[in-house]
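Structure first, commentary second.
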Amino acid sequence: MSRAPHLGWRLATIFTWLLLLFLVAPIVMVVPLSFSGNSFLEFPPTSWSTRWYAAFAGSLDYRQAVMNSVIVGLPVALLSSIFGTLAAIAIERGALPGRRILAALFVAPAIIPQMVLAIGLYPLMVQVGLIGSFPAVILGQTVICTPLVFLAVGAALRGYAPSYELAAMTLGAGRWHTFWLVTFPMIRPAVVIGFILAFTVSFDELILAMFLASPTTRTMPRLLWEQLTYEMTPTIAAATASILAATGVLLLVAAWVGRRSTVRLDAAP
Amino acid sequence: MSGATEGASLRYVAVAKRYGPLTALHPVDLSIASGEFFAMIGPSGSGKTTLLGITAGFVTPSQGQVLVNGRDIVGEPPHRRAVGMVFQNYSLFPHMTVAENVGFPLRMRRVKRAEIAARVQAALAMVRMGQMGDRLPAQLSGGQQQRVALARAAVYRPALLLMDEPLGALDKNLREEMQDEIRRLQRELGATVVYVTHDQQEAATLADRVAILRNGRVEQVGPPHEIYEMPANRFVASFLGEANLLPLEATQGERARTAGGLELAVATSDAASGPEPTLCLRPENVRLGEAAAGLGNAWTATVLEAVHIAGSIRYRLQLPGGTVLLARAPARIGDPVWQAGATVVAGWRPADAVILLA
């Protein structure tokens, strides 16, 4: 056996770890910053404390913003899950003409710059009198979150043959029963993952929130943005680190749901 | 499960399916009797699956009627048709146990809980899966899954059972075992079965009658042995078993000449007026050596190849003028065997060959 592939393998391993560091390091940077004892954001911190977490927890502004983000995020996740699931079923199982083009259109909001969407939605929301309200932010963010559910559920539907639904029908199940007893249980992991992703994206979304929310409906990212412009205290880092932790937990749940379903469907004797 | 159901009679009247400019199925007329085991075979794209889909209600025909016990079911949604269907991939619901899967059609029919349990148990016992009710489909082998799928399609005693290549995913030995199982089940149930396959041997083993489809048309319908002996055309002859097909150039009375220049004796050439008359000779009807002497057609042939396959020997022979002929002879101990390169007399009785019109 020659040494060359061995060396190549090692280099590849090192490169992979460096890449991972490159991707993850900026994210976890906020963690040491949030435990800083200094009064301003600076790296590396020269002393340590947890007082910024106390400040974050005690701040009415932050509490309100977290609350707002949940008030916005849950309906966004719910609506995206419903719309995305229905769209995916129509595209994957329906005999629609031009389904490829339709599928591309459903994914488009996730790809086009959010600025375009924001600028388009702003006058519309003014026109219908929703600007600054929760429904404005919820509707706007649902547009960008629906594609996530659409993609997740579409992949799940492509993962099994349509014959399961046909079987249910021949066995006497109408459309409603077929959906609730067969289709939905089979795509449920994808719907749950889509729901969690939609919620996380909404929780993190800034541009639409800036255009469509008002000071009373501002979400967490918007508050952080506003704070950054005039107050550079480590409270921001503490708030961000808390969001990071919450998001991390949600993504772990999503990964766990995904893995569990794979195990169940693939478990061959 | 006792008490066989009265199988449904099924009739297709000018049923056709077109997708825009494409014709998946040309107008088909077929009658299937109550309790009959009917197989539809053909290569992929022959229209057999389309016809099955029309019967189950997944596909709406462009025209025609599907009569079940004389009543047209076109336009009825699949769940109202009371037709059972078994799929190639079994399509057992992965999130339900075996018992829940088999109970599903009963649940949809609002059968009482206690009765569901009893009937599920009986149906599972019928396919010898009585102990497996609590398992999930993923914990079963392919053959076991197909047994459960059969139980699920049979538990509500549909008068018509459709099967779409149900054994296509199984290996050969299991397939033969399951063929017996399916045939036994059909007798016990009394249901009419329409069975789609591309395996001609499977169709011949199982079915009372077979329809051979090609390019959206029914080429021939009949009992398997009848089709084998009297194929309607060259496609059917070569699709069902092996056949020597010798194109005929000229025929007169009981004489004919092949394109390869052989002068043959034929039973009758009255029928040889078709566009492309062809002589169809099954390999097992070619006799070799002493057995060929004195037959109406006999030539000295060169053995190109001799292959021993499970109890018989398949010869590839070259006749004078270059015509290649397949012959099959039982490999009985003590019988003469001709190796490649040997010469042997090969012949057949005129009555053992059929003249095809197309």
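Here, A, B, ... name the chains of the structure tokens in the order displayed, residue numbers run from 1 inside each chain, and ligands are numbered from 1 in the same displayed order.
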
Within 7 Å of Tyr90 (chain B), counting only C-alpha atoms, which residues qualify if same-chain residues fewer than 3 places away don't, as an mmCIF file with all heavy atoms, in the first residue's frame?
data_model
loop_
_atom_site.group_PDB
_atom_site.id
_atom_site.type_symbol
_atom_site.label_atom_id
_atom_site.label_comp_id
_atom_site.auth_asym_id
_atom_site.auth_seq_id
_atom_site.Cartn_x
_atom_site.Cartn_y
_atom_site.Cartn_z
ATOM 1 N N VAL B 86 -53.841 -5.325 -5.805
ATOM 2 C CA VAL B 86 -52.538 -5.649 -5.229
ATOM 3 C C VAL B 86 -51.475 -5.045 -6.138
ATOM 4 O O VAL B 86 -51.538 -5.205 -7.357
ATOM 5 C CB VAL B 86 -52.354 -7.181 -5.122
ATOM 6 C CG1 VAL B 86 -50.991 -7.512 -4.543
ATOM 7 C CG2 VAL B 86 -53.451 -7.780 -4.265
ATOM 8 N N PHE B 87 -50.536 -4.331 -5.531
ATOM 9 C CA PHE B 87 -49.534 -3.615 -6.314
ATOM 10 C C PHE B 87 -48.188 -4.332 -6.275
ATOM 11 O O PHE B 87 -47.904 -5.079 -5.343
ATOM 12 C CB PHE B 87 -49.338 -2.205 -5.744
ATOM 13 C CG PHE B 87 -50.561 -1.346 -5.856
ATOM 14 C CD1 PHE B 87 -51.581 -1.427 -4.927
ATOM 15 C CD2 PHE B 87 -50.700 -0.446 -6.894
ATOM 16 C CE1 PHE B 87 -52.711 -0.638 -5.024
ATOM 17 C CE2 PHE B 87 -51.823 0.349 -7.006
ATOM 18 C CZ PHE B 87 -52.829 0.250 -6.063
ATOM 19 N N GLN B 145 -44.591 -9.481 2.896
ATOM 20 C CA GLN B 145 -45.329 -8.247 2.631
ATOM 21 C C GLN B 145 -46.395 -8.483 1.566
ATOM 22 O O GLN B 145 -47.514 -7.978 1.663
ATOM 23 C CB GLN B 145 -44.379 -7.142 2.169
ATOM 24 C CG GLN B 145 -43.483 -6.646 3.277
ATOM 25 C CD GLN B 145 -42.709 -5.405 2.864
ATOM 26 O OE1 GLN B 145 -43.255 -4.474 2.304
ATOM 27 N NE2 GLN B 145 -41.425 -5.399 3.128
ATOM 28 N N GLN B 146 -46.041 -9.295 0.536
ATOM 29 C CA GLN B 146 -47.014 -9.525 -0.516
ATOM 30 C C GLN B 146 -48.171 -10.369 -0.010
ATOM 31 O O GLN B 146 -49.312 -10.174 -0.412
ATOM 32 C CB GLN B 146 -46.337 -10.168 -1.733
ATOM 33 C CG GLN B 146 -47.177 -10.118 -2.989
ATOM 34 C CD GLN B 146 -47.649 -8.725 -3.342
ATOM 35 O OE1 GLN B 146 -48.535 -8.164 -2.701
ATOM 36 N NE2 GLN B 146 -47.036 -8.130 -4.354
ATOM 37 N N ALA B 149 -50.376 -7.962 1.691
ATOM 38 C CA ALA B 149 -51.089 -7.162 0.692
ATOM 39 C C ALA B 149 -52.250 -7.949 0.102
ATOM 40 O O ALA B 149 -53.336 -7.404 -0.141
ATOM 41 C CB ALA B 149 -50.123 -6.718 -0.409
#

(request) Identify all chain B residues at most 8 Å from chain A by counting only C-alpha atoms; ligands do not count. Present them as a list in words. (result) Ala56, Phe58, Pro78, His79, Arg80, Arg81, Ala82, Val83, Gly84, Met85, Val86, Phe87, Ser91, Leu92, Phe93, Pro94, His95, Phe104, Pro105, Met108, Arg109, Ala138, Gln139, Leu140, Ser141 and Ala153 of chain B

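With only C-alpha atoms as the basis for measurement, A:Glu92 is the residue among A:Glu42, A:Asp61, A:Glu92, A:Glu231 that approaches Leu157 (chain A) most closely.
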
DSSP-assigned strand (DSSP E) among region 60-309 of chain B, expressed as a compact mmCIF listing (two decimals) with C-alpha atoms, in the first residue's frame:
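Okay, this is what ended up in selection23.txt:
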# COMPACT_ATOMS: atom_id res chain seq x y z
CA GLN B 63 -64.25 6.41 -24.49
CA GLY B 64 -66.04 3.15 -23.83
CA GLN B 65 -67.68 1.34 -20.96
CA VAL B 66 -66.41 -0.88 -18.19
CA LEU B 67 -69.25 -3.15 -17.15
CA VAL B 68 -69.02 -4.93 -13.81
CA ARG B 71 -73.23 -2.01 -14.69
CA ASP B 72 -70.99 0.70 -16.18
CA VAL B 83 -62.46 -3.56 -6.44
CA GLY B 84 -59.45 -5.06 -4.66
CA MET B 85 -56.00 -4.28 -5.93
CA VAL B 86 -52.54 -5.65 -5.23
CA LEU B 160 -63.08 -8.37 -8.51
CA LEU B 161 -59.38 -8.50 -7.65
CA LEU B 162 -56.82 -6.64 -9.73
CA MET B 163 -53.16 -7.52 -9.51
CA ASP B 164 -50.45 -5.36 -11.05
CA THR B 192 -62.66 -12.79 -10.53
CA VAL B 193 -58.98 -11.91 -10.95
CA VAL B 194 -57.40 -9.66 -13.55
CA TYR B 195 -53.68 -10.17 -13.38
CA VAL B 196 -51.14 -8.00 -15.17
CA THR B 197 -47.67 -9.33 -15.77
CA ARG B 209 -57.28 -17.16 -20.18
CA VAL B 210 -54.67 -14.72 -21.32
CA ALA B 211 -54.84 -11.52 -23.34
CA ILE B 212 -51.68 -10.50 -25.14
CA LEU B 213 -51.30 -6.76 -25.63
CA ARG B 214 -48.95 -4.77 -27.78
CA ARG B 217 -53.99 -3.28 -28.83
CA VAL B 218 -55.16 -6.75 -27.83
CA GLU B 219 -53.34 -9.11 -30.16
CA GLN B 220 -54.96 -12.35 -29.03
CA VAL B 221 -57.16 -13.74 -26.26
CA GLY B 222 -57.53 -17.34 -25.21
CA ASN B 244 -38.89 -20.70 -35.21
CA LEU B 245 -40.42 -18.15 -37.56
CA LEU B 246 -39.68 -18.85 -41.20
CA PRO B 247 -40.99 -16.24 -43.66
CA LEU B 248 -42.67 -17.89 -46.65
CA GLU B 249 -42.04 -16.64 -50.17
CA ALA B 250 -44.42 -18.78 -52.11
CA THR B 251 -47.07 -21.32 -51.31
CA GLN B 252 -49.01 -23.69 -53.47
CA ARG B 255 -46.00 -27.02 -50.63
CA ALA B 256 -44.29 -23.82 -49.57
CA ARG B 257 -40.90 -22.15 -50.07
CA THR B 258 -39.23 -20.14 -47.35
CA GLU B 263 -38.96 -26.34 -49.98
CA LEU B 264 -41.44 -27.41 -47.28
CA ALA B 265 -44.42 -29.62 -46.88
CA THR B 278 -44.76 -17.07 -41.89
CA LEU B 279 -44.28 -20.62 -40.77
CA CYS B 280 -44.27 -20.98 -36.98
CA LEU B 281 -42.57 -24.07 -35.64
CA ARG B 287 -37.38 -34.07 -34.07
CA LEU B 288 -33.79 -35.20 -34.37
CA ASN B 297 -39.83 -32.32 -43.75
CA ALA B 298 -36.34 -33.60 -43.01
CA TRP B 299 -32.89 -32.15 -43.62
CA THR B 300 -29.35 -32.91 -42.64
CA ALA B 301 -28.34 -30.12 -40.32
CA THR B 302 -25.17 -28.98 -38.61
CA VAL B 303 -25.30 -28.47 -34.85
CA LEU B 304 -24.12 -24.93 -34.06
CA GLU B 305 -24.73 -25.12 -30.35
CA ALA B 306 -26.17 -27.52 -27.80
CA VAL B 307 -27.10 -26.18 -24.35
CA HIS B 308 -28.39 -28.29 -21.50
CA ILE B 309 -31.14 -26.42 -19.63

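Backbone DSSP of region 70-113 of chain B yields helix (DSSP H, G or I) at Pro78, His79, Arg80, Val98, Ala99, Glu100, Asn101, Val102, Gly103, Phe104, Pro105, Leu106, Arg107, Met108 and Arg113 of chain B.
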
(message) Please compute the CA of Pro158 (chain B)-CA of Val111 (chain B) distance, one decimal, in Å.
(response) 15.0 Å

(message) So that I can check the surroundings of Pro336 (chain B), please list as a ChimeraX atom specification every protein, DNA and RNA residue that reaches within 12 Å of it, counting only C-alpha atoms and ignoring chain neighbours fewer than 6 positions away.
(response) /B:288-291,313,329-330,342,344

Given the selection you just returned, output its residues as a file containing all heavy atoms, formatted as a tab-separated table (two decimals), in the first residue's frame.
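Heads up, here's the output in part31.tsv:
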chain	number	residue	atom	x	y	z
B	288	LEU	N	-35.18	-35.04	-33.95
B	288	LEU	CA	-33.79	-35.20	-34.37
B	288	LEU	C	-33.44	-36.66	-34.52
B	288	LEU	O	-34.04	-37.54	-33.88
B	288	LEU	CB	-32.86	-34.56	-33.33
B	288	LEU	CG	-33.06	-33.06	-33.07
B	288	LEU	CD1	-32.18	-32.59	-31.92
B	288	LEU	CD2	-32.77	-32.25	-34.33
B	289	GLY	N	-32.46	-36.92	-35.41
B	289	GLY	CA	-31.94	-38.27	-35.57
B	289	GLY	C	-32.98	-39.21	-36.16
B	289	GLY	O	-33.72	-38.84	-37.07
B	290	GLU	N	-33.05	-40.42	-35.62
B	290	GLU	CA	-33.95	-41.45	-36.15
B	290	GLU	C	-35.41	-41.00	-36.15
B	290	GLU	O	-36.17	-41.32	-37.04
B	290	GLU	CB	-33.84	-42.74	-35.32
B	290	GLU	CG	-32.62	-43.57	-35.67
B	290	GLU	CD	-32.46	-44.75	-34.72
B	290	GLU	OE1	-33.49	-45.22	-34.19
B	290	GLU	OE2	-31.32	-45.18	-34.53
B	291	ALA	N	-35.78	-40.23	-35.11
B	291	ALA	CA	-37.17	-39.79	-34.98
B	291	ALA	C	-37.59	-38.90	-36.15
B	291	ALA	O	-38.77	-38.75	-36.43
B	291	ALA	CB	-37.37	-39.05	-33.65
B	313	ILE	N	-32.47	-30.29	-23.81
B	313	ILE	CA	-31.31	-29.74	-24.54
B	313	ILE	C	-31.83	-28.85	-25.66
B	313	ILE	O	-32.76	-29.21	-26.39
B	313	ILE	CB	-30.44	-30.87	-25.13
B	313	ILE	CG1	-29.94	-31.78	-24.00
B	313	ILE	CG2	-29.27	-30.29	-25.89
B	313	ILE	CD1	-29.24	-33.01	-24.48
B	329	ALA	N	-35.03	-30.90	-27.20
B	329	ALA	CA	-35.29	-32.33	-27.00
B	329	ALA	C	-35.12	-32.65	-25.53
B	329	ALA	O	-34.25	-32.10	-24.87
B	329	ALA	CB	-34.30	-33.15	-27.83
B	330	PRO	N	-35.97	-33.54	-24.98
B	330	PRO	CA	-35.80	-33.92	-23.58
B	330	PRO	C	-34.45	-34.59	-23.38
B	330	PRO	O	-34.00	-35.35	-24.24
B	330	PRO	CB	-36.96	-34.88	-23.32
B	330	PRO	CG	-37.44	-35.31	-24.65
B	330	PRO	CD	-37.11	-34.21	-25.61
B	342	ALA	N	-21.43	-31.50	-34.97
B	342	ALA	CA	-21.95	-32.77	-35.48
B	342	ALA	C	-23.03	-32.52	-36.53
B	342	ALA	O	-23.58	-31.43	-36.61
B	342	ALA	CB	-22.52	-33.59	-34.33
B	344	VAL	N	-26.77	-33.90	-38.00
B	344	VAL	CA	-27.91	-34.67	-37.52
B	344	VAL	C	-29.07	-34.41	-38.47
B	344	VAL	O	-29.17	-33.33	-39.07
B	344	VAL	CB	-28.27	-34.26	-36.07
B	344	VAL	CG1	-28.64	-32.80	-35.98
B	344	VAL	CG2	-29.39	-35.13	-35.51

Considering only C-alpha atoms, return as a PDB file with N, CA and C atoms, in the first residue's frame whatever protein or nucleic-acid residues lie within 12 Å of Leu86 (chain A), sequence-local ones (same chain, fewer than 2 positions apart) excluded.
ATOM      1  N   LEU A  79     -48.937  28.704   8.660  1.00  0.00           N
ATOM      2  CA  LEU A  79     -49.432  28.998   7.313  1.00  0.00           C
ATOM      3  C   LEU A  79     -48.510  28.407   6.246  1.00  0.00           C
ATOM      4  N   SER A  80     -47.196  28.547   6.453  1.00  0.00           N
ATOM      5  CA  SER A  80     -46.250  28.005   5.475  1.00  0.00           C
ATOM      6  C   SER A  80     -46.413  26.500   5.361  1.00  0.00           C
ATOM      7  N   SER A  81     -46.636  25.845   6.505  1.00  0.00           N
ATOM      8  CA  SER A  81     -46.786  24.384   6.485  1.00  0.00           C
ATOM      9  C   SER A  81     -48.015  23.988   5.690  1.00  0.00           C
ATOM     10  N   ILE A  82     -49.109  24.713   5.913  1.00  0.00           N
ATOM     11  CA  ILE A  82     -50.341  24.373   5.191  1.00  0.00           C
ATOM     12  C   ILE A  82     -50.174  24.647   3.700  1.00  0.00           C
ATOM     13  N   PHE A  83     -49.724  25.863   3.372  1.00  0.00           N
ATOM     14  CA  PHE A  83     -49.589  26.227   1.957  1.00  0.00           C
ATOM     15  C   PHE A  83     -48.557  25.337   1.264  1.00  0.00           C
ATOM     16  N   GLY A  84     -47.402  25.175   1.903  1.00  0.00           N
ATOM     17  CA  GLY A  84     -46.313  24.414   1.287  1.00  0.00           C
ATOM     18  C   GLY A  84     -46.710  22.966   1.057  1.00  0.00           C
ATOM     19  N   ALA A  88     -47.135  21.213  -2.534  1.00  0.00           N
ATOM     20  CA  ALA A  88     -46.298  20.056  -2.878  1.00  0.00           C
ATOM     21  C   ALA A  88     -47.162  18.888  -3.338  1.00  0.00           C
ATOM     22  N   ILE A  89     -48.287  18.663  -2.665  1.00  0.00           N
ATOM     23  CA  ILE A  89     -49.165  17.555  -3.068  1.00  0.00           C
ATOM     24  C   ILE A  89     -49.713  17.813  -4.472  1.00  0.00           C
ATOM     25  N   ALA A  90     -50.112  19.067  -4.721  1.00  0.00           N
ATOM     26  CA  ALA A  90     -50.644  19.386  -6.047  1.00  0.00           C
ATOM     27  C   ALA A  90     -49.596  19.144  -7.125  1.00  0.00           C
ATOM     28  N   ILE A  91     -48.358  19.580  -6.861  1.00  0.00           N
ATOM     29  CA  ILE A  91     -47.311  19.454  -7.870  1.00  0.00           C
ATOM     30  C   ILE A  91     -46.883  17.997  -8.042  1.00  0.00           C
ATOM     31  N   GLU A  92     -46.720  17.271  -6.942  1.00  0.00           N
ATOM     32  CA  GLU A  92     -46.174  15.916  -7.027  1.00  0.00           C
ATOM     33  C   GLU A  92     -47.217  14.869  -7.398  1.00  0.00           C
ATOM     34  N   ARG A  93     -48.472  15.082  -6.982  1.00  0.00           N
ATOM     35  CA  ARG A  93     -49.464  14.036  -7.202  1.00  0.00           C
ATOM     36  C   ARG A  93     -50.547  14.435  -8.208  1.00  0.00           C
ATOM     37  N   GLY A  94     -50.714  15.734  -8.427  1.00  0.00           N
ATOM     38  CA  GLY A  94     -51.756  16.172  -9.347  1.00  0.00           C
ATOM     39  C   GLY A  94     -51.273  16.057 -10.781  1.00  0.00           C
ATOM     40  N   PHE A 106     -43.091  28.266  -7.134  1.00  0.00           N
ATOM     41  CA  PHE A 106     -43.283  28.083  -5.694  1.00  0.00           C
ATOM     42  C   PHE A 106     -41.974  28.255  -4.924  1.00  0.00           C
ATOM     43  N   THR A 146     -42.908  29.554   2.838  1.00  0.00           N
ATOM     44  CA  THR A 146     -43.664  28.489   2.170  1.00  0.00           C
ATOM     45  C   THR A 146     -42.758  27.611   1.287  1.00  0.00           C
ATOM     46  N   PRO A 147     -41.813  28.204   0.522  1.00  0.00           N
ATOM     47  CA  PRO A 147     -40.952  27.350  -0.304  1.00  0.00           C
ATOM     48  C   PRO A 147     -40.182  26.300   0.497  1.00  0.00           C
ATOM     49  N   VAL A 149     -41.153  24.627   3.191  1.00  0.00           N
ATOM     50  CA  VAL A 149     -42.042  23.491   3.445  1.00  0.00           C
ATOM     51  C   VAL A 149     -42.317  22.771   2.122  1.00  0.00           C
ATOM     52  N   PHE A 150     -42.545  23.557   1.078  1.00  0.00           N
ATOM     53  CA  PHE A 150     -42.809  22.995  -0.242  1.00  0.00           C
ATOM     54  C   PHE A 150     -41.689  22.037  -0.662  1.00  0.00           C
ATOM     55  N   LEU A 151     -40.441  22.465  -0.468  1.00  0.00           N
ATOM     56  CA  LEU A 151     -39.307  21.627  -0.867  1.00  0.00           C
ATOM     57  C   LEU A 151     -39.211  20.375   0.000  1.00  0.00           C
ATOM     58  N   VAL A 153     -41.568  18.830   1.817  1.00  0.00           N
ATOM     59  CA  VAL A 153     -42.679  17.902   1.612  1.00  0.00           C
ATOM     60  C   VAL A 153     -42.621  17.295   0.206  1.00  0.00           C
ATOM     61  N   GLY A 154     -42.211  18.107  -0.772  1.00  0.00           N
ATOM     62  CA  GLY A 154     -42.074  17.588  -2.137  1.00  0.00           C
ATOM     63  C   GLY A 154     -41.088  16.435  -2.185  1.00  0.00           C
ATOM     64  N   LEU A 157     -42.680  13.382  -0.729  1.00  0.00           N
ATOM     65  CA  LEU A 157     -43.656  12.763  -1.638  1.00  0.00           C
ATOM     66  C   LEU A 157     -42.963  12.018  -2.763  1.00  0.00           C
ATOM     67  N   PHE A 179     -55.930  11.253   2.563  1.00  0.00           N
ATOM     68  CA  PHE A 179     -54.956  12.250   2.997  1.00  0.00           C
ATOM     69  C   PHE A 179     -54.599  12.076   4.468  1.00  0.00           C
ATOM     70  N   THR A 183     -51.466   9.681   3.355  1.00  0.00           N
ATOM     71  CA  THR A 183     -50.501  10.679   2.895  1.00  0.00           C
ATOM     72  C   THR A 183     -49.874  11.431   4.067  1.00  0.00           C
ATOM     73  N   PHE A 184     -50.717  11.990   4.939  1.00  0.00           N
ATOM     74  CA  PHE A 184     -50.164  12.838   5.991  1.00  0.00           C
ATOM     75  C   PHE A 184     -49.208  12.092   6.925  1.00  0.00           C
ATOM     76  N   ILE A 187     -45.880  11.863   5.210  1.00  0.00           N
ATOM     77  CA  ILE A 187     -45.093  13.082   4.987  1.00  0.00           C
ATOM     78  C   ILE A 187     -44.937  13.879   6.275  1.00  0.00           C
ATOM     79  N   VAL A 191     -43.263  17.605   7.104  1.00  0.00           N
ATOM     80  CA  VAL A 191     -44.072  18.763   7.489  1.00  0.00           C
ATOM     81  C   VAL A 191     -43.526  19.360   8.788  1.00  0.00           C
TER      82      VAL A 191
END

Can you list, as a JSON list (two decimals) with C-alpha atoms, in the first residue's frame, every protein, DNA or RNA residue that comes within 10 Å of Val15 (chain B) when you count only C-alpha atoms, leaving out same-chain residues fewer than 6 positions away?
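File written: around25.json
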[["chain", "number", "residue", "atom", "x", "y", "z"],
["B", 25, "LEU", "CA", -55.00, 2.10, -25.58],
["B", 26, "HIS", "CA", -56.90, 1.51, -28.82],
["B", 27, "PRO", "CA", -60.56, 0.50, -28.42],
["B", 28, "VAL", "CA", -60.60, -2.77, -26.50],
["B", 29, "ASP", "CA", -63.46, -5.25, -26.26],
["B", 30, "LEU", "CA", -63.05, -8.05, -23.76],
["B", 51, "LEU", "CA", -56.41, -0.97, -18.80],
["B", 54, "ILE", "CA", -59.14, 2.22, -15.96],
["B", 60, "THR", "CA", -60.51, 7.87, -16.94],
["B", 61, "PRO", "CA", -60.96, 6.25, -20.35],
["B", 62, "SER", "CA", -61.35, 8.54, -23.36],
["B", 63, "GLN", "CA", -64.25, 6.41, -24.49],
["B", 64, "GLY", "CA", -66.04, 3.15, -23.83],
["B", 65, "GLN", "CA", -67.68, 1.34, -20.96],
["B", 66, "VAL", "CA", -66.41, -0.88, -18.19],
["B", 74, "VAL", "CA", -66.70, 4.55, -15.61]]

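The interatomic distance for the pair CA of Leu74 (chain A) and CA of Asp204 (chain A) works out to 13.0 Å.
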
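CA of Glu165 (chain B) lies 11.6 Å from CA of Gln200 (chain B).
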